[in-house]
file input35.pdb (PDB, C-alpha atoms (C1' of nucleotides))
ATOM      1  CA  MET A 353     -14.863 -12.419   9.001
ATOM      2  CA  LEU A 354     -17.662 -11.537  11.333
ATOM      3  CA  ARG A 355     -18.608 -15.152  11.936
ATOM      4  CA  GLY A 356     -14.972 -16.029  12.621
ATOM      5  CA  ILE A 357     -14.508 -13.356  15.250
ATOM      6  CA  THR A 358     -17.847 -13.343  17.014
ATOM      7  CA  PRO A 359     -17.774 -16.678  18.886
ATOM      8  CA  HIS A 360     -14.437 -15.749  20.488
ATOM      9  CA  CYS A 361     -15.270 -12.173  21.403
ATOM     10  CA  LEU A 362     -18.985 -11.814  22.031
ATOM     11  CA  ASP A 363     -19.985 -11.696  25.712
ATOM     12  CA  LYS A 364     -16.435 -12.407  26.907
ATOM     13  CA  ARG A 365     -15.078 -10.265  29.717
ATOM     14  CA  ILE A 366     -12.210  -8.019  28.583
ATOM     15  CA  HIS A 367      -9.251  -8.274  30.922
ATOM     16  CA  HIS A 368      -6.730  -5.947  29.341
ATOM     17  CA  VAL A 369      -6.114  -3.939  26.185
ATOM     18  CA  GLU A 370      -2.693  -3.190  24.803
ATOM     19  CA  LEU A 371      -2.267  -0.297  22.391
ATOM     20  CA  ARG A 372       1.013  -0.865  20.591
ATOM     21  CA  ASN A 373       0.593   1.718  17.841
ATOM     22  CA  ARG A 374      -2.103   4.352  17.809
ATOM     23  CA  ARG A 375      -1.198   5.880  14.480
ATOM     24  CA  LEU A 376      -3.652   4.483  11.968
ATOM     25  CA  ARG A 377      -5.632   6.513   9.432
ATOM     26  CA  TRP A 378      -6.892   8.438  12.436
ATOM     27  CA  PRO A 379      -5.178   8.073  15.822
ATOM     28  CA  ILE A 380      -6.761   5.517  18.137
ATOM     29  CA  THR A 381      -7.902   7.137  21.381
ATOM     30  CA  ARG A 382      -5.418   6.717  24.236
ATOM     31  CA  SER A 383      -8.339   5.880  26.471
ATOM     32  CA  LEU A 384      -9.284   2.707  24.623
ATOM     33  CA  PRO A 385      -7.781   0.382  27.274
ATOM     34  CA  ARG A 386      -9.643   2.209  30.034
ATOM     35  CA  TYR A 387     -12.912   2.220  28.085
ATOM     36  CA  LEU A 388     -12.782  -1.503  27.401
ATOM     37  CA  LYS A 389     -11.367  -2.894  30.638
ATOM     38  CA  ASP A 390     -13.852  -5.156  32.428
ATOM     39  CA  GLN A 391     -16.443  -4.638  29.680
ATOM     40  CA  LYS A 392     -18.020  -7.154  27.314
ATOM     41  CA  PHE A 393     -18.936  -6.809  23.671
ATOM     42  CA  ILE A 394     -22.692  -7.186  23.691
ATOM     43  CA  ARG A 395     -23.030  -6.901  19.921
ATOM     44  CA  ILE A 396     -20.662  -7.377  16.988
ATOM     45  CA  SER A 397     -21.987  -6.492  13.563
ATOM     46  CA  ARG A 398     -20.994  -5.177  10.164
ATOM     47  CA  ARG A 399     -21.973  -2.216   8.010
ATOM     48  CA  ALA A 400     -20.261  -1.727   4.657
ATOM     49  CA  LYS A 401     -16.563  -2.359   5.283
ATOM     50  CA  TYR A 402     -16.804  -1.507   8.972
ATOM     51  CA  LEU A 403     -17.097  -3.905  11.885
ATOM     52  CA  LEU A 404     -19.038  -2.541  14.869
ATOM     53  CA  PHE A 405     -18.023  -3.668  18.377
ATOM     54  CA  GLU A 406     -20.437  -2.470  21.052
ATOM     55  CA  THR A 407     -20.329  -2.514  24.850
ATOM     56  CA  VAL A 408     -22.973  -1.090  27.172
ATOM     57  CA  ASN A 409     -20.924   2.114  27.467
ATOM     58  CA  GLY A 410     -20.070   2.702  23.833
ATOM     59  CA  GLY A 411     -18.066   0.935  21.208
ATOM     60  CA  PHE A 412     -15.829   1.263  18.210
ATOM     61  CA  LEU A 413     -15.887   1.052  14.456
ATOM     62  CA  LEU A 414     -13.096  -0.989  12.914
ATOM     63  CA  HIS A 415     -12.088  -0.641   9.282
ATOM     64  CA  LEU A 416      -9.437  -2.969   7.879
ATOM     65  CA  GLY A 417      -8.366  -0.613   5.124
ATOM     66  CA  MET A 418      -6.964  -2.889   2.495
ATOM     67  CA  SER A 419      -4.186  -4.611   4.382
ATOM     68  CA  GLY A 420      -5.732  -5.019   7.813
ATOM     69  CA  SER A 421      -6.595  -8.297   9.463
ATOM     70  CA  LEU A 422      -7.899  -9.676  12.741
ATOM     71  CA  ARG A 423      -6.566 -12.759  14.471
ATOM     72  CA  VAL A 424      -7.720 -14.705  17.467
ATOM     73  CA  THR A 425      -4.858 -16.281  19.350
ATOM     74  CA  GLY A 426      -3.701 -17.043  22.886
ATOM     75  CA  VAL A 427      -2.303 -14.632  25.437
ATOM     76  CA  GLY A 428       1.499 -14.447  25.387
ATOM     77  CA  GLN A 429       1.869 -15.415  21.729
ATOM     78  CA  GLU A 430       4.596 -13.556  19.900
ATOM     79  CA  PHE A 431       3.502 -10.343  18.259
ATOM     80  CA  LEU A 432       3.742 -10.048  14.504
ATOM     81  CA  LYS A 433       5.062  -6.988  12.785
ATOM     82  CA  HIS A 434       2.221  -4.426  12.528
ATOM     83  CA  ASP A 435       0.105  -5.866  15.343
ATOM     84  CA  HIS A 436      -1.307  -2.544  16.566
ATOM     85  CA  VAL A 437      -3.950  -3.486  19.109
ATOM     86  CA  GLU A 438      -4.446  -6.478  21.370
ATOM     87  CA  ILE A 439      -7.606  -7.159  23.334
ATOM     88  CA  GLN A 440      -7.168  -9.815  26.033
ATOM     89  CA  PHE A 441     -10.198 -11.670  27.348
ATOM     90  CA  THR A 442     -10.393 -13.289  30.751
ATOM     91  CA  ASP A 443     -10.605 -16.746  29.149
ATOM     92  CA  GLY A 444      -7.025 -16.363  27.846
ATOM     93  CA  LYS A 445      -7.907 -15.634  24.253
ATOM     94  CA  VAL A 446      -6.763 -12.452  22.567
ATOM     95  CA  LEU A 447      -7.929 -10.537  19.525
ATOM     96  CA  ARG A 448      -5.212  -8.810  17.531
ATOM     97  CA  PHE A 449      -5.580  -6.095  14.927
ATOM     98  CA  ASN A 450      -2.771  -6.101  12.388
ATOM     99  CA  ASP A 451      -2.471  -3.544   9.581
ATOM    100  CA  PRO A 452       0.813  -3.066   7.699
ATOM    101  CA  ARG A 453      -0.282  -0.070   5.630
ATOM    102  CA  ARG A 454      -2.279   1.574   8.379
ATOM    103  CA  PHE A 455      -5.105   2.549   6.061
ATOM    104  CA  GLY A 456      -7.499   1.049   8.563
ATOM    105  CA  CYS A 457      -8.988   2.749  11.603
ATOM    106  CA  LEU A 458     -10.431   2.102  15.044
ATOM    107  CA  LEU A 459     -12.859   4.813  16.079
ATOM    108  CA  TRP A 460     -14.302   4.884  19.594
ATOM    109  CA  SER A 461     -17.664   6.459  20.220
ATOM    110  CA  SER A 462     -19.765   6.600  23.378
ATOM    111  CA  LYS A 463     -22.886   7.173  21.293
ATOM    112  CA  ASP A 464     -24.956   4.864  19.134
ATOM    113  CA  LEU A 465     -22.476   3.462  16.620
ATOM    114  CA  SER A 466     -25.013   3.025  13.862
ATOM    115  CA  ASP A 467     -25.408   6.792  13.921
ATOM    116  CA  HIS A 468     -21.678   7.438  13.555
ATOM    117  CA  PRO A 469     -20.684  10.116  11.010
ATOM    118  CA  ARG A 470     -18.544   7.570   9.176
ATOM    119  CA  LEU A 471     -21.597   5.393   8.578
ATOM    120  CA  ARG A 472     -24.039   8.148   7.840
ATOM    121  CA  GLY A 473     -24.846   8.455   4.177
ATOM    122  CA  LEU A 474     -23.453   5.093   3.122
ATOM    123  CA  GLY A 475     -25.250   3.410   0.241
ATOM    124  CA  VAL A 476     -27.048   0.079   0.149
ATOM    125  CA  GLU A 477     -25.526  -3.330   0.792
ATOM    126  CA  PRO A 478     -24.942  -5.017  -2.592
ATOM    127  CA  LEU A 479     -26.111  -8.485  -1.587
ATOM    128  CA  THR A 480     -29.521  -7.359  -0.395
ATOM    129  CA  GLY A 481     -32.750  -6.676  -2.287
ATOM    130  CA  ASP A 482     -32.191  -2.942  -1.765
ATOM    131  CA  PHE A 483     -29.559  -3.089  -4.479
ATOM    132  CA  SER A 484     -31.617  -3.266  -7.657
ATOM    133  CA  ALA A 485     -31.794  -1.824 -11.160
ATOM    134  CA  SER A 486     -34.555   0.585 -10.167
ATOM    135  CA  TYR A 487     -32.475   1.789  -7.223
ATOM    136  CA  LEU A 488     -29.494   2.411  -9.512
ATOM    137  CA  LYS A 489     -31.674   4.132 -12.045
ATOM    138  CA  SER A 490     -32.797   6.647  -9.433
ATOM    139  CA  CYS A 491     -29.224   7.163  -8.199
ATOM    140  CA  PHE A 492     -27.861   7.663 -11.706
ATOM    141  CA  LYS A 493     -30.566  10.005 -12.964
ATOM    142  CA  ASP A 494     -28.966  13.164 -14.358
ATOM    143  CA  ARG A 495     -25.538  12.083 -13.136
ATOM    144  CA  LYS A 496     -22.600  12.406 -15.500
ATOM    145  CA  MET A 497     -19.868  10.409 -13.847
ATOM    146  CA  SER A 498     -18.592   7.205 -15.381
ATOM    147  CA  ILE A 499     -20.206   3.941 -14.405
ATOM    148  CA  LYS A 500     -16.893   2.884 -12.890
ATOM    149  CA  GLN A 501     -16.818   5.823 -10.500
ATOM    150  CA  ALA A 502     -20.515   5.463  -9.735
ATOM    151  CA  LEU A 503     -20.139   1.827  -8.698
ATOM    152  CA  MET A 504     -17.209   2.695  -6.468
ATOM    153  CA  ASP A 505     -19.123   5.545  -4.828
ATOM    154  CA  GLN A 506     -19.871   4.261  -1.328
ATOM    155  CA  LYS A 507     -22.796   6.677  -1.058
ATOM    156  CA  ILE A 508     -24.527   4.632  -3.767
ATOM    157  CA  VAL A 509     -23.496   1.057  -3.016
ATOM    158  CA  VAL A 510     -20.895  -0.182  -0.543
ATOM    159  CA  GLY A 511     -18.286  -2.879  -0.982
ATOM    160  CA  VAL A 512     -17.303  -2.548  -4.640
ATOM    161  CA  GLY A 513     -13.573  -1.825  -4.745
ATOM    162  CA  ASN A 514     -11.206  -1.005  -7.580
ATOM    163  CA  ILE A 515     -10.395  -4.587  -8.530
ATOM    164  CA  TYR A 516     -13.921  -5.934  -8.499
ATOM    165  CA  VAL A 517     -15.381  -3.028 -10.447
ATOM    166  CA  SER A 518     -13.307  -4.054 -13.478
ATOM    167  CA  GLU A 519     -14.505  -7.635 -13.059
ATOM    168  CA  VAL A 520     -18.143  -6.599 -12.723
ATOM    169  CA  LEU A 521     -18.129  -4.365 -15.801
ATOM    170  CA  PHE A 522     -16.427  -7.058 -17.854
ATOM    171  CA  LYS A 523     -18.995  -9.598 -16.786
ATOM    172  CA  CYS A 524     -21.964  -7.470 -17.808
ATOM    173  CA  GLY A 525     -20.334  -5.973 -20.909
ATOM    174  CA  ILE A 526     -20.430  -2.300 -19.943
ATOM    175  CA  HIS A 527     -17.577   0.029 -20.859
ATOM    176  CA  PRO A 528     -16.045   1.587 -17.716
ATOM    177  CA  VAL A 529     -16.140   5.187 -18.978
ATOM    178  CA  ARG A 530     -19.789   5.041 -20.057
ATOM    179  CA  ARG A 531     -21.851   7.755 -18.354
ATOM    180  CA  CYS A 532     -23.880   6.107 -15.608
ATOM    181  CA  GLY A 533     -27.023   8.098 -16.397
ATOM    182  CA  ARG A 534     -27.124   6.737 -19.946
ATOM    183  CA  ILE A 535     -27.470   3.029 -19.275
ATOM    184  CA  SER A 536     -30.764   1.276 -20.016
ATOM    185  CA  VAL A 537     -32.718  -0.434 -17.244
ATOM    186  CA  GLN A 538     -32.175  -3.720 -19.021
ATOM    187  CA  ARG A 539     -28.417  -3.290 -18.803
ATOM    188  CA  LEU A 540     -28.675  -2.068 -15.212
ATOM    189  CA  ASN A 541     -30.369  -5.356 -14.421
ATOM    190  CA  ARG A 542     -27.408  -7.260 -15.826
ATOM    191  CA  LEU A 543     -25.073  -4.964 -13.929
ATOM    192  CA  VAL A 544     -26.817  -5.593 -10.611
ATOM    193  CA  GLU A 545     -26.740  -9.320 -11.257
ATOM    194  CA  SER A 546     -23.017  -9.164 -12.026
ATOM    195  CA  VAL A 547     -22.204  -7.250  -8.852
ATOM    196  CA  LYS A 548     -24.032  -9.821  -6.758
ATOM    197  CA  ILE A 549     -22.336 -12.761  -8.481
ATOM    198  CA  ILE A 550     -18.814 -11.322  -8.398
ATOM    199  CA  LEU A 551     -19.029 -10.267  -4.747
ATOM    200  CA  ALA A 552     -20.655 -13.497  -3.590
ATOM    201  CA  ASP A 553     -17.952 -15.384  -5.472
ATOM    202  CA  ALA A 554     -15.230 -13.300  -3.891
ATOM    203  CA  ILE A 555     -16.582 -14.027  -0.447
ATOM    204  CA  THR A 556     -16.746 -17.770  -1.097
ATOM    205  CA  SER A 557     -13.341 -18.182  -2.695
ATOM    206  CA  GLY A 558     -11.262 -15.472  -1.080
ATOM    207  CA  GLY A 559     -13.226 -14.506   1.969
ATOM    208  CA  THR A 560     -11.628 -15.558   5.171
ATOM    209  CA  THR A 561     -13.006 -18.700   6.719
ATOM    210  CA  ILE A 562     -13.577 -19.227  10.402
ATOM    211  CA  ARG A 563     -10.586 -21.529  10.684
ATOM    212  CA  ASP A 564      -8.244 -18.840   9.326
ATOM    213  CA  PHE A 565      -8.673 -16.735  12.424
ATOM    214  CA  LEU A 566      -6.971 -19.112  14.751
ATOM    215  CA  ASP A 567      -3.297 -18.245  14.691
ATOM    216  CA  ALA A 568      -3.207 -17.910  10.937
ATOM    217  CA  LYS A 569      -2.418 -14.752   9.081
ATOM    218  CA  SER A 570      -5.231 -14.111   6.654
ATOM    219  CA  LYS A 571      -4.402 -12.977   3.152
ATOM    220  CA  PRO A 572      -6.270 -10.380   1.170
ATOM    221  CA  GLY A 573      -9.456 -11.897  -0.130
ATOM    222  CA  TYR A 574      -8.809 -12.113  -3.812
ATOM    223  CA  PHE A 575      -6.713 -14.345  -6.004
ATOM    224  CA  SER A 576      -5.301 -12.943  -9.196
ATOM    225  CA  GLN A 577      -5.641 -16.244 -11.061
ATOM    226  CA  GLN A 578      -9.398 -15.944 -10.705
ATOM    227  CA  LEU A 579      -9.604 -12.445 -12.117
ATOM    228  CA  ALA A 580     -10.984 -12.291 -15.666
ATOM    229  CA  VAL A 581      -9.656  -8.852 -16.721
ATOM    230  CA  TYR A 582      -8.024  -7.054 -13.798
ATOM    231  CA  GLY A 583      -4.252  -6.882 -14.277
ATOM    232  CA  ARG A 584      -4.417  -8.376 -17.790
ATOM    233  CA  GLU A 585      -3.317  -5.386 -19.871
ATOM    234  CA  ASN A 586      -2.308  -6.511 -23.390
ATOM    235  CA  LEU A 587      -3.284 -10.118 -22.682
ATOM    236  CA  PRO A 588      -6.085 -11.714 -24.734
ATOM    237  CA  CYS A 589      -9.646 -11.302 -23.469
ATOM    238  CA  ILE A 590     -10.746 -14.686 -22.173
ATOM    239  CA  ARG A 591     -13.977 -14.366 -24.144
ATOM    240  CA  CYS A 592     -13.031 -12.910 -27.537
ATOM    241  CA  LYS A 593      -9.208 -12.843 -27.595
ATOM    242  CA  SER A 594      -9.017  -9.075 -28.196
ATOM    243  CA  LEU A 595      -6.265  -7.454 -26.173
ATOM    244  CA  VAL A 596      -7.341  -6.180 -22.764
ATOM    245  CA  ARG A 597      -6.809  -2.443 -22.280
ATOM    246  CA  ARG A 598      -5.878  -0.437 -19.219
ATOM    247  CA  VAL A 599      -7.057   3.104 -18.581
ATOM    248  CA  VAL A 600      -6.708   5.296 -15.523
ATOM    249  CA  ILE A 601     -10.037   6.528 -14.172
ATOM    250  CA  SER A 602      -9.923   8.820 -11.140
ATOM    251  CA  GLY A 603      -6.339   7.836 -10.562
ATOM    252  CA  ARG A 604      -6.927   4.079 -10.491
ATOM    253  CA  SER A 605      -6.131   1.404 -13.037
ATOM    254  CA  THR A 606      -9.132   0.063 -14.855
ATOM    255  CA  PHE A 607      -9.057  -2.942 -17.178
ATOM    256  CA  TYR A 608     -11.589  -3.742 -19.911
ATOM    257  CA  CYS A 609     -12.079  -5.510 -23.219
ATOM    258  CA  PRO A 610     -12.702  -2.968 -26.020
ATOM    259  CA  LYS A 611     -14.782  -5.458 -27.982
ATOM    260  CA  CYS A 612     -16.892  -7.076 -25.241
ATOM    261  CA  GLN A 613     -17.635  -3.859 -23.336
ATOM    262  CA  LYS A 614     -19.665  -1.037 -24.869
TER     263      LYS A 614
ATOM    264  C1'  DA B 521     -24.284  19.831  -5.683
ATOM    265  C1'  DT B 522     -21.034  17.397  -8.037
ATOM    266  C1'  DC B 523     -16.747  15.920  -9.501
ATOM    267  C1'  DG B 524     -11.522  15.387 -10.039
ATOM    268  C1'  DC B 525      -7.485  14.989  -7.774
ATOM    269  C1'  DC B 526      -4.346  14.495  -3.956
ATOM    270  C1'  DT B 527      -3.181  12.235   0.270
ATOM    271  C1'  DC B 528      -2.127   8.792   3.834
ATOM    272  C1'  DC B 529       1.431   4.033   4.280
ATOM    273  C1'  DT B 530       4.158  -0.133   3.453
ATOM    274  C1'  DG B 531       5.467  -4.050   0.635
ATOM    275  C1'  DC B 532       6.561  -5.663  -3.592
ATOM    276  C1'  DG B 533       8.357  -5.988  -8.236
ATOM    277  C1'  DC B 534      10.940  -4.072 -11.551
ATOM    278  C1'  DG B 535      15.147  -2.135 -13.719
ATOM    279  C1'  DC B 536      19.805  -0.855 -13.429
TER     280       DC B 536
ATOM    281  C1'  DT C 995      23.275  -9.543  -5.416
ATOM    282  C1'  DG C 996      21.601  -5.172  -3.969
ATOM    283  C1'  DC C 997      19.624  -1.019  -4.070
ATOM    284  C1'  DG C 998      16.160   2.547  -5.119
ATOM    285  C1'  DC C 999      12.216   3.885  -7.368
ATOM    286  C1'  DG C1000       7.225   3.676  -8.621
ATOM    287  C1'  DC C1001       3.028   1.654  -8.028
ATOM    288  C1'  DA C1002      -0.951  -0.515  -5.643
ATOM    289  C1'  DG C1003      -5.209  -0.016  -2.690
ATOM    290  C1'  DG C1004      -9.930   2.695   0.279
ATOM    291  C1'  DA C1005     -11.824   6.764   1.070
ATOM    292  C1'  DG C1006     -11.657  11.436   3.297
ATOM    293  C1'  DG C1007     -11.149  16.049   2.118
ATOM    294  C1'  DC C1008     -10.321  19.962  -0.524
ATOM    295  C1'  DG C1009     -10.601  23.025  -4.418
ATOM    296  C1'  DA C1010     -12.821  24.045  -8.709
TER     297       DA C1010
END
call {"tool": "encode", "arguments": {"input": "input35.pdb", "output": "structure tokens"}}
result
Amino acid sequence: MLRGITPHCLDKRIHHVELRNRRLRWPITRSLPRYLKDQKFIRISRRAKYLLFETVNGGFLLHLGMSGSLRVTGVGQEFLKHDHVEIQFTDGKVLRFNDPRRFGCLLWSSKDLSDHPRLRGLGVEPLTGDFSASYLKSCFKDRKMSIKQALMDQKIVVGVGNIYVSEVLFKCGIHPVRRCGRISVQRLNRLVESVKIILADAITSGGTTIRDFLDAKSKPGYFSQQLAVYGRENLPCIRCKSLVRRVVISGRSTFYCPKCQK
DNA sequence: ATCGCCTCCTGCGCGC
DNA sequence: TGCGCGCAGGAGGCGA
């Protein structure tokens, strides 16, 4: 994602910004076109599920929600349904933000973006050394919530969504309703390993490649045929053939094998 | 402090 | 064939 966008947008003069629909999760500031005109993005980075676009005078956080996507195309190309923002560069390229469900957001701030309230208090990045069994042990100490909820808590670790949490817990053999504070360090080690493998896998197989950004609509980054348990209620577990169960935890479907996961 | 539940929105798949 | 309903997801925010 980041690598696909950056070469087309970094250090390019912004010629014009078109706001076609401001009503996302939070309204996009009306002033965005004025703020960005004649500026350049001097840094484009990522934190958790946010992309950070910075100019010398401020910048914005962009969250894709679950249905959002970014495209790089040429000026004058036909708009797609749900293209909400277009940023035109002086070289004739444009960046478009499309989000059918409008769960995403674009938040302008004139202050240091890394200090933004939306980023404050976020947990560690899962694919770094900060995410470890000892880290989880300290987070989970005296906590009663289920391991499923704990893994999806962005204040603990970022990037684990509802689909992948089922996959992770299946892979390491932990029951989704198990209390997080009552898991041995040995099992936490397996859990950490599973998170890293599942997420790295997801990025490789479903993550958007650089090529996808040029005039192609990118699809959500997961493919149901590669999911081991998610969505497989009453189908045989791929490991032991027991029937996969579905439970609702904090309002979200959760899938697990009653025999493989304890 | 911590946790459970509701909410936003659109597209899709299902059943009638 | 067509319509309408219910569900799916990330994460803030509120009430208990």
call {"tool": "residues_around", "arguments": {"input": "input35.pdb", "residues": "DG531 (chain B)", "least_positions_apart": "3", "cutoff": "12 Å", "atoms": "all atoms listed in the file", "output": "list of chain:residue names"}}
result
A:Ser419, A:Asp451, A:Pro452, A:Arg453, C:DC1001, C:DA1002, C:DG1003
call {"tool": "residues_around", "arguments": {"input": "input35.pdb", "residues": "Phe492 (chain A)", "least_positions_apart": "3", "cutoff": "9 Å", "atoms": "all atoms listed in the file", "output": "list in words"}}
result
Tyr487, Leu488, Lys489, Arg495, Lys496, Met497, Ile499, Ala502, Arg531, Cys532, Gly533, Arg534 and Ile535 of chain A
call {"tool": "resolve_selection", "arguments": {"input": "input35.pdb", "expression": "the PyMOL selection byres ((chain A and resi 427-434) around 10)", "output": "mmCIF file with C-alpha atoms, in the frame of the given file"}}
result
data_model
loop_
_atom_site.group_PDB
_atom_site.id
_atom_site.type_symbol
_atom_site.label_atom_id
_atom_site.label_comp_id
_atom_site.auth_asym_id
_atom_site.auth_seq_id
_atom_site.Cartn_x
_atom_site.Cartn_y
_atom_site.Cartn_z
ATOM 1 C CA ARG A 372 1.013 -0.865 20.591
ATOM 2 C CA ASN A 373 0.593 1.718 17.841
ATOM 3 C CA GLY A 420 -5.732 -5.019 7.813
ATOM 4 C CA VAL A 424 -7.720 -14.705 17.467
ATOM 5 C CA THR A 425 -4.858 -16.281 19.350
ATOM 6 C CA GLY A 426 -3.701 -17.043 22.886
ATOM 7 C CA ASP A 435 0.105 -5.866 15.343
ATOM 8 C CA HIS A 436 -1.307 -2.544 16.566
ATOM 9 C CA VAL A 437 -3.950 -3.486 19.109
ATOM 10 C CA GLU A 438 -4.446 -6.478 21.370
ATOM 11 C CA ILE A 439 -7.606 -7.159 23.334
ATOM 12 C CA GLN A 440 -7.168 -9.815 26.033
ATOM 13 C CA PHE A 441 -10.198 -11.670 27.348
ATOM 14 C CA THR A 442 -10.393 -13.289 30.751
ATOM 15 C CA ASP A 443 -10.605 -16.746 29.149
ATOM 16 C CA GLY A 444 -7.025 -16.363 27.846
ATOM 17 C CA LYS A 445 -7.907 -15.634 24.253
ATOM 18 C CA VAL A 446 -6.763 -12.452 22.567
ATOM 19 C CA LEU A 447 -7.929 -10.537 19.525
ATOM 20 C CA ARG A 448 -5.212 -8.810 17.531
ATOM 21 C CA PHE A 449 -5.580 -6.095 14.927
ATOM 22 C CA ASN A 450 -2.771 -6.101 12.388
ATOM 23 C CA ASP A 451 -2.471 -3.544 9.581
ATOM 24 C CA PRO A 452 0.813 -3.066 7.699
ATOM 25 C CA ARG A 453 -0.282 -0.070 5.630
ATOM 26 C CA ARG A 454 -2.279 1.574 8.379
ATOM 27 C CA ASP A 567 -3.297 -18.245 14.691
ATOM 28 C CA LYS A 569 -2.418 -14.752 9.081
#
call {"tool": "closest_atom_pairs", "arguments": {"input": "input35.pdb", "of": "chain A", "to": "chain C", "cutoff": "8 Å", "atoms": "all atoms listed in the file", "output": "Markdown table"}}
result
| residue | atom | partner | partner_atom | distance |
| --- | --- | --- | --- | --- |
| A:Gly417 | CA | C:DG1004 | C1' | 6.1 |
| A:Met418 | CA | C:DG1003 | C1' | 6.2 |
| A:Phe455 | CA | C:DG1004 | C1' | 7.5 |
| A:Gly513 | CA | C:DG1004 | C1' | 7.7 |
| A:Asn514 | CA | C:DG1003 | C1' | 7.8 |
call {"tool": "residues_near_point", "arguments": {"input": "input35.pdb", "point": "(-28.5, 1.2, -3.4)", "cutoff": "8 Å", "atoms": "all atoms listed in the file", "output": "mmCIF file with C-alpha atoms, keeping the file's coordinate frame"}}
result
data_model
loop_
_atom_site.group_PDB
_atom_site.id
_atom_site.type_symbol
_atom_site.label_atom_id
_atom_site.label_comp_id
_atom_site.auth_asym_id
_atom_site.auth_seq_id
_atom_site.Cartn_x
_atom_site.Cartn_y
_atom_site.Cartn_z
ATOM 1 C CA GLY A 475 -25.250 3.410 0.241
ATOM 2 C CA VAL A 476 -27.048 0.079 0.149
ATOM 3 C CA GLU A 477 -25.526 -3.330 0.792
ATOM 4 C CA PRO A 478 -24.942 -5.017 -2.592
ATOM 5 C CA ASP A 482 -32.191 -2.942 -1.765
ATOM 6 C CA PHE A 483 -29.559 -3.089 -4.479
ATOM 7 C CA SER A 484 -31.617 -3.266 -7.657
ATOM 8 C CA TYR A 487 -32.475 1.789 -7.223
ATOM 9 C CA LEU A 488 -29.494 2.411 -9.512
ATOM 10 C CA CYS A 491 -29.224 7.163 -8.199
ATOM 11 C CA ILE A 508 -24.527 4.632 -3.767
ATOM 12 C CA VAL A 509 -23.496 1.057 -3.016
#
call {"tool": "atom_distance", "arguments": {"input": "input35.pdb", "atom1": "CA of Asp553 (chain A)", "atom2": "CA of Leu413 (chain A)"}}
result
25.9 Å
call {"tool": "resolve_selection", "arguments": {"input": "input35.pdb", "expression": "the PyMOL selection byres ((chain B) within 10 of (chain A))", "output": "list in words"}}
result
DT522, DC523, DG524, DC525, DC526, DC528, DC529, DT530 and DG531 of chain B
call {"tool": "write_last_selection", "arguments": {"input": "input35.pdb", "atoms": "C-alpha atoms (C1' of nucleotides)", "output": "PDB file, in the coordinates of the input"}}
result
ATOM      1  C1'  DT B 522     -21.034  17.397  -8.037  1.00  0.00           C
ATOM      2  C1'  DC B 523     -16.747  15.920  -9.501  1.00  0.00           C
ATOM      3  C1'  DG B 524     -11.522  15.387 -10.039  1.00  0.00           C
ATOM      4  C1'  DC B 525      -7.485  14.989  -7.774  1.00  0.00           C
ATOM      5  C1'  DC B 526      -4.346  14.495  -3.956  1.00  0.00           C
ATOM      6  C1'  DC B 528      -2.127   8.792   3.834  1.00  0.00           C
ATOM      7  C1'  DC B 529       1.431   4.033   4.280  1.00  0.00           C
ATOM      8  C1'  DT B 530       4.158  -0.133   3.453  1.00  0.00           C
ATOM      9  C1'  DG B 531       5.467  -4.050   0.635  1.00  0.00           C
TER      10       DG B 531
END
call {"tool": "atom_distance", "arguments": {"input": "input35.pdb", "atom1": "CA of Val512 (chain A)", "atom2": "CA of Leu422 (chain A)"}}
result
21.0 Å
call {"tool": "resolve_selection", "arguments": {"input": "input35.pdb", "expression": "the PyMOL selection byres ((chain A and resi 594) around 8)", "output": "compact mmCIF listing (two decimals) with C-alpha atoms, in the coordinates of the input"}}
result
# COMPACT_ATOMS: atom_id res chain seq x y z
CA PRO A 588 -6.08 -11.71 -24.73
CA CYS A 589 -9.65 -11.30 -23.47
CA CYS A 592 -13.03 -12.91 -27.54
CA LYS A 593 -9.21 -12.84 -27.60
CA LEU A 595 -6.26 -7.45 -26.17
CA VAL A 596 -7.34 -6.18 -22.76
CA CYS A 609 -12.08 -5.51 -23.22
CA PRO A 610 -12.70 -2.97 -26.02
CA LYS A 611 -14.78 -5.46 -27.98
call {"tool": "closest_residue", "arguments": {"input": "input35.pdb", "among": "A:Gln578, A:Ser557, A:Ser518, A:Gln506", "to": "Gly473 (chain A)", "atoms": "only C-alpha atoms"}}
result
A:Gln506
call {"tool": "atom_distance", "arguments": {"input": "input35.pdb", "atom1": "CA of Thr606 (chain A)", "atom2": "CA of Ile555 (chain A)"}}
result
21.5 Å
call {"tool": "residues_around", "arguments": {"input": "input35.pdb", "residues": "region 526-529 of chain A", "least_positions_apart": "6", "cutoff": "6 Å", "atoms": "only C-alpha atoms (C1' of nucleotides)", "output": "list in words"}}
result
Ser498, Ile499, Lys500, Gln613 and Lys614 of chain A
call {"tool": "residues_around", "arguments": {"input": "input35.pdb", "residues": "Leu465 (chain A)", "least_positions_apart": "6", "cutoff": "8 Å", "atoms": "only C-alpha atoms (C1' of nucleotides)", "output": "list in words"}}
result
Leu404, Glu406, Gly410, Gly411, Phe412 and Leu413 of chain A
call {"tool": "residues_near_point", "arguments": {"input": "input35.pdb", "point": "(-18.4, -5.8, 8.7)", "cutoff": "10 Å", "atoms": "all atoms listed in the file", "output": "ChimeraX atom specification"}}
result
/A:353-355,396-405,413-416
